[in-house]
file structure_38.pdb (PDB, C-alpha atoms and all ligand atoms)
MODEL        1
ATOM      1  CA  MET A   1       0.000   0.000   0.000
ATOM      2  CA  ASN A   2       1.174   3.530  -0.819
ATOM      3  CA  GLY A   3       4.503   2.985  -2.452
ATOM      4  CA  ASP A   4       7.748   1.449  -1.354
ATOM      5  CA  GLN A   5      10.379   2.655   1.054
ATOM      6  CA  GLY A   6      13.604   2.015  -0.862
ATOM      7  CA  ILE A   7      16.372   4.395   0.151
ATOM      8  CA  LEU A   8      18.067   3.950  -3.231
ATOM      9  CA  ASP A   9      14.878   4.929  -5.040
ATOM     10  CA  ALA A  10      15.364   8.556  -4.012
ATOM     11  CA  ALA A  11      12.660  11.075  -4.900
ATOM     12  CA  GLY A  12      14.021  14.233  -3.305
ATOM     13  CA  PRO A  13      17.339  16.081  -2.979
ATOM     14  CA  ALA A  14      18.078  14.928   0.583
ATOM     15  CA  ALA A  15      17.418  11.279  -0.212
ATOM     16  CA  GLU A  16      19.456  11.567  -3.421
ATOM     17  CA  ARG A  17      22.408  12.775  -1.404
ATOM     18  CA  ILE A  18      22.025   9.882   1.009
ATOM     19  CA  ALA A  19      21.765   7.397  -1.864
ATOM     20  CA  ASP A  20      24.924   8.887  -3.464
ATOM     21  CA  LEU A  21      26.730   8.512  -0.175
ATOM     22  CA  TRP A  22      25.517   4.926   0.076
ATOM     23  CA  TRP A  23      26.998   4.137  -3.336
ATOM     24  CA  ALA A  24      30.193   5.995  -2.404
ATOM     25  CA  HIS A  25      30.552   3.483   0.440
ATOM     26  CA  PHE A  26      29.328   0.478  -1.485
ATOM     27  CA  TRP A  27      31.739   0.522  -4.452
ATOM     28  CA  PRO A  28      34.987   0.885  -2.466
ATOM     29  CA  GLY A  29      33.646  -1.732  -0.048
ATOM     30  CA  LEU A  30      32.964  -4.125  -2.908
ATOM     31  CA  ALA A  31      36.391  -3.483  -4.463
ATOM     32  CA  VAL A  32      38.158  -4.142  -1.143
ATOM     33  CA  PHE A  33      36.167  -7.327  -0.639
ATOM     34  CA  VAL A  34      37.088  -8.649  -4.091
ATOM     35  CA  VAL A  35      40.789  -7.796  -3.645
ATOM     36  CA  VAL A  36      40.938  -9.410  -0.200
ATOM     37  CA  VAL A  37      39.255 -12.601  -1.413
ATOM     38  CA  VAL A  38      41.599 -12.828  -4.414
ATOM     39  CA  LEU A  39      44.666 -12.325  -2.183
ATOM     40  CA  LEU A  40      43.369 -14.899   0.250
ATOM     41  CA  LEU A  41      42.950 -17.462  -2.516
ATOM     42  CA  VAL A  42      46.411 -16.662  -3.898
ATOM     43  CA  GLY A  43      47.846 -17.009  -0.399
ATOM     44  CA  LEU A  44      46.174 -20.361   0.135
ATOM     45  CA  TYR A  45      47.436 -21.615  -3.207
ATOM     46  CA  ARG A  46      51.015 -20.492  -2.662
ATOM     47  CA  ARG A  47      51.373 -21.134   1.028
ATOM     48  CA  HIS A  48      53.623 -24.199   0.623
ATOM     49  CA  ARG A  49      55.807 -22.671  -1.997
ATOM     50  CA  TRP A  50      57.273 -19.736  -0.061
ATOM     51  CA  PRO A  51      60.402 -20.628   1.904
ATOM     52  CA  ALA A  52      60.447 -18.986   5.333
ATOM     53  CA  ASP A  53      63.564 -16.887   4.905
ATOM     54  CA  ARG A  54      64.501 -13.285   5.722
ATOM     55  CA  ALA A  55      63.555 -11.919   2.292
ATOM     56  CA  HIS A  56      60.125 -13.448   2.603
ATOM     57  CA  GLU A  57      59.563 -11.886   6.019
ATOM     58  CA  ALA A  58      60.520  -8.450   4.718
ATOM     59  CA  ARG A  59      58.108  -8.845   1.863
ATOM     60  CA  ALA A  60      55.366  -9.930   4.273
ATOM     61  CA  SER A  61      55.933  -6.810   6.422
ATOM     62  CA  LEU A  62      55.630  -4.643   3.335
ATOM     63  CA  TRP A  63      52.324  -6.318   2.418
ATOM     64  CA  ILE A  64      50.974  -5.754   5.913
ATOM     65  CA  GLY A  65      52.197  -2.161   6.044
ATOM     66  CA  VAL A  66      50.756  -1.185   2.669
ATOM     67  CA  GLY A  67      47.699  -3.432   2.489
ATOM     68  CA  GLY A  68      46.806  -3.247   6.171
ATOM     69  CA  ILE A  69      47.535   0.392   7.022
ATOM     70  CA  VAL A  70      48.200   2.680   4.049
ATOM     71  CA  VAL A  71      45.461   1.456   1.694
ATOM     72  CA  PRO A  72      42.681   1.337   4.343
ATOM     73  CA  ALA A  73      43.717   4.778   5.624
ATOM     74  CA  VAL A  74      43.438   6.249   2.121
ATOM     75  CA  ILE A  75      40.062   4.606   1.466
ATOM     76  CA  LEU A  76      38.657   5.715   4.841
ATOM     77  CA  LEU A  77      39.884   9.242   4.203
ATOM     78  CA  VAL A  78      38.128   9.382   0.812
ATOM     79  CA  VAL A  79      34.892   8.055   2.331
ATOM     80  CA  LEU A  80      35.202  10.549   5.196
ATOM     81  CA  VAL A  81      35.534  13.432   2.732
ATOM     82  CA  PHE A  82      32.341  12.311   0.944
ATOM     83  CA  THR A  83      30.517  12.004   4.268
ATOM     84  CA  VAL A  84      31.594  15.374   5.631
ATOM     85  CA  ARG A  85      30.678  17.024   2.317
ATOM     86  CA  SER A  86      27.192  15.459   2.415
ATOM     87  CA  MET A  87      26.711  16.589   5.997
ATOM     88  CA  ALA A  88      27.725  20.149   5.123
ATOM     89  CA  GLN A  89      25.320  20.244   2.142
ATOM     90  CA  HIS A  90      22.638  18.808   4.379
ATOM     91  CA  SER A  91      22.863  21.578   6.959
ATOM     92  CA  ALA A  92      23.055  24.249   4.231
ATOM     93  CA  SER A  93      19.800  22.908   2.719
ATOM     94  CA  SER A  94      18.275  22.813   6.173
ATOM     95  CA  ARG A  95      18.967  26.532   6.687
ATOM     96  CA  ASP A  96      17.570  27.265   3.231
ATOM     97  CA  ALA A  97      14.367  25.354   4.060
ATOM     98  CA  GLU A  98      14.039  27.242   7.313
ATOM     99  CA  GLU A  99      14.201  30.557   5.526
ATOM    100  CA  ARG A 100      11.726  29.943   2.726
ATOM    101  CA  GLY A 101       9.800  26.889   3.765
ATOM    102  CA  LEU A 102       6.395  25.998   4.928
ATOM    103  CA  SER A 103       6.646  24.525   8.383
ATOM    104  CA  ILE A 104       4.684  21.619   9.734
ATOM    105  CA  ARG A 105       4.592  20.426  13.330
ATOM    106  CA  VAL A 106       4.636  16.644  13.628
ATOM    107  CA  VAL A 107       3.946  15.152  17.045
ATOM    108  CA  GLY A 108       4.462  11.419  17.497
ATOM    109  CA  TYR A 109       2.128   9.478  19.765
ATOM    110  CA  GLN A 110       1.750   5.776  20.480
ATOM    111  CA  TRP A 111       0.957   5.034  17.614
ATOM    112  CA  TRP A 112       0.028   7.797  15.242
ATOM    113  CA  TRP A 113       1.237  11.126  13.900
ATOM    114  CA  ASP A 114      -0.454  14.421  14.760
ATOM    115  CA  ILE A 115       0.164  16.892  11.937
ATOM    116  CA  THR A 116      -0.352  20.662  12.224
ATOM    117  CA  TYR A 117       0.542  23.123   9.459
ATOM    118  CA  GLN A 118       1.987  26.224  11.052
ATOM    119  CA  ASP A 119       0.724  29.648  10.116
ATOM    120  CA  PRO A 120       1.123  32.959  11.951
ATOM    121  CA  GLN A 121      -2.672  33.235  11.825
ATOM    122  CA  PRO A 122      -4.185  30.523  14.051
ATOM    123  CA  SER A 123      -7.279  30.383  11.817
ATOM    124  CA  ARG A 124      -5.055  29.325   8.886
ATOM    125  CA  ARG A 125      -3.578  26.324  10.691
ATOM    126  CA  VAL A 126      -4.567  22.951   9.336
ATOM    127  CA  ARG A 127      -4.619  19.901  11.588
ATOM    128  CA  THR A 128      -4.681  16.358  10.272
ATOM    129  CA  ALA A 129      -3.176  12.962  11.079
ATOM    130  CA  ASN A 130      -0.845  10.390   9.565
ATOM    131  CA  GLU A 131      -0.717  12.087   6.165
ATOM    132  CA  ILE A 132       1.377  15.050   5.139
ATOM    133  CA  ASN A 133       0.555  16.817   1.902
ATOM    134  CA  ILE A 134       3.365  18.930   0.516
ATOM    135  CA  PRO A 135       3.881  20.946  -2.665
ATOM    136  CA  VAL A 136       6.604  19.514  -4.934
ATOM    137  CA  GLY A 137       9.871  21.355  -5.481
ATOM    138  CA  ARG A 138       9.727  23.331  -2.277
ATOM    139  CA  PRO A 139      11.643  22.538   0.912
ATOM    140  CA  ILE A 140       9.358  21.937   3.867
ATOM    141  CA  MET A 141      10.453  22.328   7.450
ATOM    142  CA  LEU A 142       9.242  19.701   9.891
ATOM    143  CA  LEU A 143       9.199  20.444  13.618
ATOM    144  CA  LEU A 144       9.356  17.029  15.238
ATOM    145  CA  GLU A 145       8.089  16.507  18.781
ATOM    146  CA  SER A 146       6.820  13.628  20.861
ATOM    147  CA  GLY A 147       3.801  13.403  23.127
ATOM    148  CA  ASP A 148       4.983  10.294  24.951
ATOM    149  CA  VAL A 149       8.048   8.177  24.118
ATOM    150  CA  ASN A 150      10.817   8.385  21.530
ATOM    151  CA  HIS A 151       9.740   7.871  17.928
ATOM    152  CA  SER A 152      11.608   8.382  14.688
ATOM    153  CA  PHE A 153      10.317  10.036  11.527
ATOM    154  CA  TRP A 154      11.453   8.277   8.389
ATOM    155  CA  VAL A 155      10.260   8.663   4.800
ATOM    156  CA  PRO A 156      13.128   6.817   3.088
ATOM    157  CA  ARG A 157      12.536   8.059  -0.447
ATOM    158  CA  LEU A 158      12.642  11.698   0.665
ATOM    159  CA  GLN A 159      14.945  12.060   3.647
ATOM    160  CA  GLY A 160      16.973  10.315   6.338
ATOM    161  CA  LYS A 161      15.438   9.555   9.706
ATOM    162  CA  LEU A 162      15.280  11.804  12.747
ATOM    163  CA  ASP A 163      14.058  11.095  16.268
ATOM    164  CA  LEU A 164      11.054  12.678  17.962
ATOM    165  CA  ILE A 165      12.030  13.185  21.594
ATOM    166  CA  PRO A 166       9.739  14.291  24.457
ATOM    167  CA  GLY A 167      10.442  17.854  25.618
ATOM    168  CA  GLN A 168      12.447  18.791  22.554
ATOM    169  CA  THR A 169      11.826  20.036  19.006
ATOM    170  CA  ASN A 170      13.997  18.548  16.270
ATOM    171  CA  THR A 171      13.902  20.024  12.798
ATOM    172  CA  LEU A 172      14.092  18.128   9.548
ATOM    173  CA  TRP A 173      13.519  19.434   6.041
ATOM    174  CA  LEU A 174      11.787  17.525   3.324
ATOM    175  CA  GLU A 175      11.457  18.073  -0.407
ATOM    176  CA  ALA A 176       9.953  15.948  -3.169
ATOM    177  CA  ARG A 177      10.959  16.406  -6.803
ATOM    178  CA  GLU A 178       7.952  14.636  -8.333
ATOM    179  CA  PRO A 179       4.299  14.364  -7.355
ATOM    180  CA  GLY A 180       3.652  11.043  -5.694
ATOM    181  CA  VAL A 181       2.783   9.186  -2.537
ATOM    182  CA  TYR A 182       5.771   8.350  -0.360
ATOM    183  CA  ARG A 183       5.346   5.949   2.500
ATOM    184  CA  GLY A 184       7.050   6.554   5.820
ATOM    185  CA  GLN A 185       7.412   4.650   9.017
ATOM    186  CA  CYS A 186       8.310   5.200  12.644
ATOM    187  CA  ALA A 187      11.886   3.954  12.818
ATOM    188  CA  GLU A 188      12.436   3.774  16.568
ATOM    189  CA  TYR A 189      10.863   1.007  18.630
ATOM    190  CA  CYS A 190       8.094   2.685  20.627
ATOM    191  CA  GLY A 191       5.891  -0.086  21.949
ATOM    192  CA  GLU A 192       3.909  -3.032  20.719
ATOM    193  CA  GLN A 193       2.345  -1.285  17.715
ATOM    194  CA  HIS A 194       5.562   0.396  16.574
ATOM    195  CA  ALA A 195       5.315  -1.483  13.273
ATOM    196  CA  HIS A 196       1.834  -0.010  12.741
ATOM    197  CA  MET A 197       2.994   3.573  13.013
ATOM    198  CA  GLY A 198       3.135   4.384   9.333
ATOM    199  CA  LEU A 199       2.480   7.598   7.489
ATOM    200  CA  VAL A 200       2.303   8.890   3.952
ATOM    201  CA  VAL A 201       3.667  12.022   2.375
ATOM    202  CA  VAL A 202       1.557  13.115  -0.582
ATOM    203  CA  ALA A 203       3.547  15.420  -2.861
ATOM    204  CA  GLN A 204       1.345  17.508  -5.156
ATOM    205  CA  PRO A 205       1.844  20.209  -7.784
ATOM    206  CA  PRO A 206       1.677  23.583  -5.977
ATOM    207  CA  GLU A 207      -1.803  24.570  -7.314
ATOM    208  CA  GLU A 208      -3.203  21.212  -6.262
ATOM    209  CA  PHE A 209      -1.604  21.543  -2.846
ATOM    210  CA  ASP A 210      -3.116  25.027  -2.427
ATOM    211  CA  ARG A 211      -6.562  23.648  -3.273
ATOM    212  CA  TRP A 212      -6.064  20.813  -0.795
ATOM    213  CA  TYR A 213      -4.973  23.283   1.884
ATOM    214  CA  GLU A 214      -8.000  25.533   1.411
ATOM    215  CA  GLY A 215     -10.229  22.461   1.579
ATOM    216  CA  GLN A 216      -8.633  21.313   4.831
ATOM    217  CA  LEU A 217      -8.999  24.780   6.365
ATOM    218  CA  GLY A 218     -12.757  24.550   6.074
ATOM    219  CA  THR A 219     -14.859  23.199   8.905
ATOM    220  CA  ALA A 220     -16.845  20.017   8.417
ATOM    221  CA  ALA A 221     -19.825  20.270   6.093
ATOM    222  CA  GLU A 222     -23.163  20.044   7.920
ATOM    223  CA  PRO A 223     -24.755  16.704   6.963
ATOM    224  CA  THR A 224     -27.823  16.967   4.770
ATOM    225  CA  ASP A 225     -29.236  13.461   4.321
ATOM    226  CA  SER A 226     -31.081  11.731   7.139
ATOM    227  CA  ALA A 227     -28.583   8.858   7.626
ATOM    228  CA  ALA A 228     -25.681  11.257   8.036
ATOM    229  CA  LEU A 229     -27.686  13.482  10.383
ATOM    230  CA  LEU A 230     -28.508  10.481  12.536
ATOM    231  CA  GLY A 231     -24.838   9.470  12.327
ATOM    232  CA  GLN A 232     -23.761  12.858  13.606
ATOM    233  CA  ALA A 233     -26.036  12.398  16.619
ATOM    234  CA  VAL A 234     -24.556   8.920  17.184
ATOM    235  CA  PHE A 235     -21.068  10.444  17.003
ATOM    236  CA  MET A 236     -21.901  13.033  19.679
ATOM    237  CA  ARG A 237     -23.610  10.652  22.078
ATOM    238  CA  SER A 238     -21.408   7.549  21.719
ATOM    239  CA  GLY A 239     -18.244   9.013  23.138
ATOM    240  CA  CYS A 240     -16.367   9.676  19.876
ATOM    241  CA  ALA A 241     -16.283  13.388  20.737
ATOM    242  CA  VAL A 242     -14.533  12.691  24.042
ATOM    243  CA  CYS A 243     -11.277  12.158  22.139
ATOM    244  CA  HIS A 244     -11.760  13.390  18.560
ATOM    245  CA  ALA A 245     -12.426  16.783  17.029
ATOM    246  CA  VAL A 246     -14.652  17.587  14.063
ATOM    247  CA  ARG A 247     -14.155  21.292  13.509
ATOM    248  CA  GLY A 248     -17.417  23.173  13.168
ATOM    249  CA  THR A 249     -19.214  20.896  15.658
ATOM    250  CA  ASP A 250     -19.186  20.481  19.437
ATOM    251  CA  ALA A 251     -16.514  17.796  19.106
ATOM    252  CA  MET A 252     -13.310  19.625  20.004
ATOM    253  CA  ALA A 253     -11.130  17.117  21.845
ATOM    254  CA  SER A 254      -7.556  16.790  20.717
ATOM    255  CA  VAL A 255      -6.142  13.625  22.261
ATOM    256  CA  ALA A 256      -6.893  11.563  19.142
ATOM    257  CA  PRO A 257      -6.682  12.267  15.394
ATOM    258  CA  ASP A 258      -8.698  15.251  14.123
ATOM    259  CA  LEU A 259     -11.535  13.823  12.026
ATOM    260  CA  THR A 260     -12.721  17.012  10.297
ATOM    261  CA  HIS A 261     -11.565  15.714   6.900
ATOM    262  CA  LEU A 262     -11.205  12.026   7.738
ATOM    263  CA  ALA A 263     -12.736  10.843   4.468
ATOM    264  CA  SER A 264     -10.027  12.622   2.464
ATOM    265  CA  ARG A 265      -7.314  10.446   4.013
ATOM    266  CA  GLN A 266      -6.000   7.233   2.503
ATOM    267  CA  THR A 267      -5.503   5.035   5.530
ATOM    268  CA  LEU A 268      -6.792   4.412   9.040
ATOM    269  CA  GLY A 269      -4.843   3.540  12.158
ATOM    270  CA  ALA A 270      -1.651   5.244  10.889
ATOM    271  CA  GLY A 271      -1.237   3.252   7.693
ATOM    272  CA  THR A 272      -2.631   0.047   9.180
ATOM    273  CA  ILE A 273      -5.742  -0.415   6.995
ATOM    274  CA  PRO A 274      -7.208   1.301   3.918
ATOM    275  CA  ASN A 275      -9.777   4.011   4.545
ATOM    276  CA  THR A 276     -12.872   2.300   3.156
ATOM    277  CA  ARG A 277     -16.322   1.989   4.653
ATOM    278  CA  GLY A 278     -15.860  -1.695   5.510
ATOM    279  CA  TYR A 279     -12.521  -1.205   7.267
ATOM    280  CA  LEU A 280     -13.782   1.905   9.052
ATOM    281  CA  GLY A 281     -16.771  -0.035  10.375
ATOM    282  CA  GLY A 282     -14.503  -2.824  11.575
ATOM    283  CA  TRP A 283     -12.153  -0.316  13.186
ATOM    284  CA  ILE A 284     -14.943   1.443  15.126
ATOM    285  CA  ALA A 285     -16.508  -1.839  16.245
ATOM    286  CA  ASN A 286     -13.230  -3.340  17.442
ATOM    287  CA  PRO A 287     -10.027  -1.358  16.932
ATOM    288  CA  GLN A 288      -8.238  -3.618  19.403
ATOM    289  CA  ALA A 289      -8.594  -6.582  17.033
ATOM    290  CA  ILE A 290      -6.867  -4.616  14.266
ATOM    291  CA  LYS A 291      -4.208  -2.813  16.316
ATOM    292  CA  PRO A 292      -3.990  -4.353  19.804
ATOM    293  CA  GLY A 293      -2.969  -1.957  22.546
ATOM    294  CA  ASN A 294      -3.914   1.257  20.742
ATOM    295  CA  ARG A 295      -5.710   3.913  22.783
ATOM    296  CA  MET A 296      -9.072   3.662  21.035
ATOM    297  CA  PRO A 297     -11.593   1.518  22.896
ATOM    298  CA  ALA A 298     -14.173  -0.602  21.088
ATOM    299  CA  MET A 299     -17.391   1.344  20.465
ATOM    300  CA  PRO A 300     -20.162  -1.203  20.760
ATOM    301  CA  MET A 301     -23.283  -0.025  18.943
ATOM    302  CA  ASP A 302     -26.082  -1.663  17.029
ATOM    303  CA  GLY A 303     -26.006  -2.152  13.270
ATOM    304  CA  PRO A 304     -28.240   0.781  12.235
ATOM    305  CA  ASP A 305     -26.299   3.204  14.482
ATOM    306  CA  LEU A 306     -22.983   2.014  13.061
ATOM    307  CA  GLN A 307     -24.271   2.387   9.481
ATOM    308  CA  ALA A 308     -25.496   5.908  10.252
ATOM    309  CA  LEU A 309     -22.178   6.791  11.875
ATOM    310  CA  LEU A 310     -20.319   5.537   8.795
ATOM    311  CA  ALA A 311     -22.604   7.586   6.552
ATOM    312  CA  TYR A 312     -21.732  10.658   8.644
ATOM    313  CA  LEU A 313     -17.974   9.982   8.678
ATOM    314  CA  GLU A 314     -18.057   9.587   4.895
ATOM    315  CA  THR A 315     -19.325  13.157   4.592
ATOM    316  CA  LEU A 316     -16.162  14.457   6.309
ATOM    317  CA  ARG A 317     -14.275  15.119   3.106
TER
HETATM  318 CU1  LIG B   1       6.668   5.312  17.096
HETATM  319 CU2  LIG B   1       8.015   3.394  16.698
ENDMDL
END

call {"tool": "encode", "arguments": {"input": "structure_38.pdb", "output": "structure tokens"}}
result
Amino acid sequence: MNGDQGILDAAGPAAERIADLWWAHFWPGLAVFVVVVVLLLVGLYRRHRWPADRAHEARASLWIGVGGIVVPAVILLVVLVFTVRSMAQHSASSRDAEERGLSIRVVGYQWWWDITYQDPQPSRRVRTANEINIPVGRPIMLLLESGDVNHSFWVPRLQGKLDLIPGQTNTLWLEAREPGVYRGQCAEYCGEQHAHMGLVVVAQPPEEFDRWYEGQLGTAAEPTDSAALLGQAVFMRSGCAVCHAVRGTDAMASVAPDLTHLASRQTLGAGTIPNTRGYLGGWIANPQAIKPGNRMPAMPMDGPDLQALLAYLETLR
């Protein structure tokens, strides 16, 4: 679901730099391996044919001195230069992103991602979960924080990983060259559902991103058909509003994902299941069966109520 996570399949400048560095380590490593294996085989083959005299010992010392000290030192130095250069470019790009970027606050929780687009005007801030839309070709600044334990933000095709640490804000910039959906994953063990702490970055052409942003700024549309109206009432009385917000209604809690535009998202449970009516129904009825240990309790309700609730949630585009 939602694309692969291959670090060598880079789709942004930061990931390209990391992939280049990976190859800059891989090729010398491969060459050294081949040379060492060849020398080992030659040594095995000739071991009985070299008389143990003084001249042989001198030659052996030379081999050890050159092959064991000089050559590795040169190779390590070259690799170090590549690494330091990449690190310097990385921090330069980070400063650049800070100056002209859009910034997005990402807070990690067990086991989901709370996403808030920063804007000087509070009314222009967008809050969503587990999905980050970004415009292509523009560096984005991420402000990474944690609401509980250590997590790690990693979208391999766009950028290296960085930890989210309680009580601290770490910054990471992100840029995608092409529109696409890039899957990410929490990369630091954070409890039993660590593996189900996925996310997606949706890179869009700038005009499309702007349209998306304006759409997300809006409050939830008031339901019009009778099923959705009933569903809204079920939502308010069944306890959903104790944890979730639907902007424009009385539901304003913020301890769980904001559901104002839930239906516009691709997955549920932080990348665990697709966002379809069937999965959503199963999730509401028994989220613990799908993602054991997560904070959402089962919401027992009868069939008609659940159907109405689903009809309402589907209107939250
Ligand atoms: Cu969050 Cu692993």

call {"tool": "residues_near_ligand", "arguments": {"input": "structure_38.pdb", "ligand": "ligand LIG 1 (chain B)", "cutoff": "7 Å", "atoms": "all atoms listed in the file", "output": "number ranges by chain"}}
result
A: 108-111, 150-152, 186-191, 194-195, 197

call {"tool": "write_last_selection", "arguments": {"input": "structure_38.pdb", "atoms": "C-alpha atoms", "output": "short mmCIF file (atom, residue, chain, number, x, y, z; two decimals), keeping the file's coordinate frame"}}
result
data_model
loop_
_atom_site.label_atom_id
_atom_site.label_comp_id
_atom_site.auth_asym_id
_atom_site.auth_seq_id
_atom_site.Cartn_x
_atom_site.Cartn_y
_atom_site.Cartn_z
CA GLY A 108 4.46 11.42 17.50
CA TYR A 109 2.13 9.48 19.76
CA GLN A 110 1.75 5.78 20.48
CA TRP A 111 0.96 5.03 17.61
CA ASN A 150 10.82 8.38 21.53
CA HIS A 151 9.74 7.87 17.93
CA SER A 152 11.61 8.38 14.69
CA CYS A 186 8.31 5.20 12.64
CA ALA A 187 11.89 3.95 12.82
CA GLU A 188 12.44 3.77 16.57
CA TYR A 189 10.86 1.01 18.63
CA CYS A 190 8.09 2.68 20.63
CA GLY A 191 5.89 -0.09 21.95
CA HIS A 194 5.56 0.40 16.57
CA ALA A 195 5.32 -1.48 13.27
CA MET A 197 2.99 3.57 13.01
#

call {"tool": "atom_distance", "arguments": {"input": "structure_38.pdb", "atom1": "CA of Ala251 in chain A", "atom2": "CA of Gly231 in chain A"}}
result
13.6 Å

call {"tool": "atom_distance", "arguments": {"input": "structure_38.pdb", "atom1": "CA of Asp163 in chain A", "atom2": "CA of Gly184 in chain A"}}
result
13.4 Å

call {"tool": "closest_residue", "arguments": {"input": "structure_38.pdb", "among": "A:Arg54, A:Arg157, A:His48, A:Arg138", "to": "Ile18 in chain A", "atoms": "only C-alpha atoms"}}
result
A:Arg157

call {"tool": "closest_atom_pairs", "arguments": {"input": "structure_38.pdb", "of": "range 208-254 of chain A", "to": "range 292-316 of chain A", "cutoff": "8 Å", "atoms": "all atoms listed in the file", "output": "tab-separated table"}}
result
residue	atom	partner	partner_atom	distance
A:Ala220	CA	A:Leu316	CA	6.0
A:Ala221	CA	A:Leu316	CA	6.9
A:Pro223	CA	A:Thr315	CA	6.9
A:Ala227	CA	A:Ala308	CA	5.0
A:Ala228	CA	A:Tyr312	CA	4.0
A:Leu229	CA	A:Tyr312	CA	6.8
A:Leu230	CA	A:Ala308	CA	5.9
A:Gly231	CA	A:Leu309	CA	3.8
A:Gln232	CA	A:Tyr312	CA	5.8
A:Val234	CA	A:Leu309	CA	6.2
A:Phe235	CA	A:Leu309	CA	6.4
A:Ser238	CA	A:Met299	CA	7.5

call {"tool": "atom_distance", "arguments": {"input": "structure_38.pdb", "atom1": "CA of Gly180 in chain A", "atom2": "CA of Glu98 in chain A"}}
result
23.2 Å

call {"tool": "residues_around", "arguments": {"input": "structure_38.pdb", "residues": "range 204-209 of chain A", "least_positions_apart": "6", "cutoff": "10 Å", "atoms": "all atoms listed in the file", "output": "PDB file with C-alpha atoms, in the coordinates of the input"}}
result
ATOM      1  CA  ASN A 133       0.555  16.817   1.902  1.00  0.00           C
ATOM      2  CA  ILE A 134       3.365  18.930   0.516  1.00  0.00           C
ATOM      3  CA  PRO A 135       3.881  20.946  -2.665  1.00  0.00           C
ATOM      4  CA  VAL A 136       6.604  19.514  -4.934  1.00  0.00           C
ATOM      5  CA  GLY A 137       9.871  21.355  -5.481  1.00  0.00           C
ATOM      6  CA  ARG A 138       9.727  23.331  -2.277  1.00  0.00           C
ATOM      7  CA  ALA A 176       9.953  15.948  -3.169  1.00  0.00           C
ATOM      8  CA  ARG A 177      10.959  16.406  -6.803  1.00  0.00           C
ATOM      9  CA  GLU A 178       7.952  14.636  -8.333  1.00  0.00           C
ATOM     10  CA  PRO A 179       4.299  14.364  -7.355  1.00  0.00           C
ATOM     11  CA  GLY A 180       3.652  11.043  -5.694  1.00  0.00           C
ATOM     12  CA  VAL A 181       2.783   9.186  -2.537  1.00  0.00           C
ATOM     13  CA  GLY A 215     -10.229  22.461   1.579  1.00  0.00           C
TER      14      GLY A 215
END

call {"tool": "axis_aligned_box", "arguments": {"input": "structure_38.pdb", "around": "range 179-182 of chain A", "padding_each_side": "6 Å", "output": "JSON"}}
result
{"center_x": 4.3, "center_y": 11.4, "center_z": -3.9, "size_x": 15.0, "size_y": 18.0, "size_z": 19.0}

call {"tool": "resolve_selection", "arguments": {"input": "structure_38.pdb", "expression": "the PyMOL selection byres (((chain A and resi 174) around 10) and not hetatm)", "output": "list of chain:residue names"}}
result
A:Gly12, A:Pro13, A:Ala14, A:Ala15, A:Ser93, A:Ser94, A:Ala97, A:Gly101, A:Ile134, A:Val136, A:Gly137, A:Arg138, A:Pro139, A:Ile140, A:Met141, A:Leu142, A:Val155, A:Leu158, A:Gln159, A:Gly160, A:Leu172, A:Trp173, A:Glu175, A:Ala176, A:Val201

call {"tool": "resolve_selection", "arguments": {"input": "structure_38.pdb", "expression": "the PyMOL selection byres (((chain A and resi 283) around 12) and not hetatm)", "output": "PDB file with C-alpha atoms, keeping the file's coordinate frame"}}
result
ATOM      1  CA  THR A 267      -5.503   5.035   5.530  1.00  0.00           C
ATOM      2  CA  LEU A 268      -6.792   4.412   9.040  1.00  0.00           C
ATOM      3  CA  GLY A 269      -4.843   3.540  12.158  1.00  0.00           C
ATOM      4  CA  THR A 272      -2.631   0.047   9.180  1.00  0.00           C
ATOM      5  CA  ILE A 273      -5.742  -0.415   6.995  1.00  0.00           C
ATOM      6  CA  PRO A 274      -7.208   1.301   3.918  1.00  0.00           C
ATOM      7  CA  ASN A 275      -9.777   4.011   4.545  1.00  0.00           C
ATOM      8  CA  THR A 276     -12.872   2.300   3.156  1.00  0.00           C
ATOM      9  CA  ARG A 277     -16.322   1.989   4.653  1.00  0.00           C
ATOM     10  CA  GLY A 278     -15.860  -1.695   5.510  1.00  0.00           C
ATOM     11  CA  TYR A 279     -12.521  -1.205   7.267  1.00  0.00           C
ATOM     12  CA  LEU A 280     -13.782   1.905   9.052  1.00  0.00           C
ATOM     13  CA  GLY A 281     -16.771  -0.035  10.375  1.00  0.00           C
ATOM     14  CA  GLY A 282     -14.503  -2.824  11.575  1.00  0.00           C
ATOM     15  CA  ILE A 284     -14.943   1.443  15.126  1.00  0.00           C
ATOM     16  CA  ALA A 285     -16.508  -1.839  16.245  1.00  0.00           C
ATOM     17  CA  ASN A 286     -13.230  -3.340  17.442  1.00  0.00           C
ATOM     18  CA  PRO A 287     -10.027  -1.358  16.932  1.00  0.00           C
ATOM     19  CA  GLN A 288      -8.238  -3.618  19.403  1.00  0.00           C
ATOM     20  CA  ALA A 289      -8.594  -6.582  17.033  1.00  0.00           C
ATOM     21  CA  ILE A 290      -6.867  -4.616  14.266  1.00  0.00           C
ATOM     22  CA  LYS A 291      -4.208  -2.813  16.316  1.00  0.00           C
ATOM     23  CA  PRO A 292      -3.990  -4.353  19.804  1.00  0.00           C
ATOM     24  CA  ASN A 294      -3.914   1.257  20.742  1.00  0.00           C
ATOM     25  CA  MET A 296      -9.072   3.662  21.035  1.00  0.00           C
ATOM     26  CA  PRO A 297     -11.593   1.518  22.896  1.00  0.00           C
ATOM     27  CA  ALA A 298     -14.173  -0.602  21.088  1.00  0.00           C
ATOM     28  CA  MET A 299     -17.391   1.344  20.465  1.00  0.00           C
ATOM     29  CA  PRO A 300     -20.162  -1.203  20.760  1.00  0.00           C
ATOM     30  CA  LEU A 306     -22.983   2.014  13.061  1.00  0.00           C
ATOM     31  CA  LEU A 310     -20.319   5.537   8.795  1.00  0.00           C
TER      32      LEU A 310
END
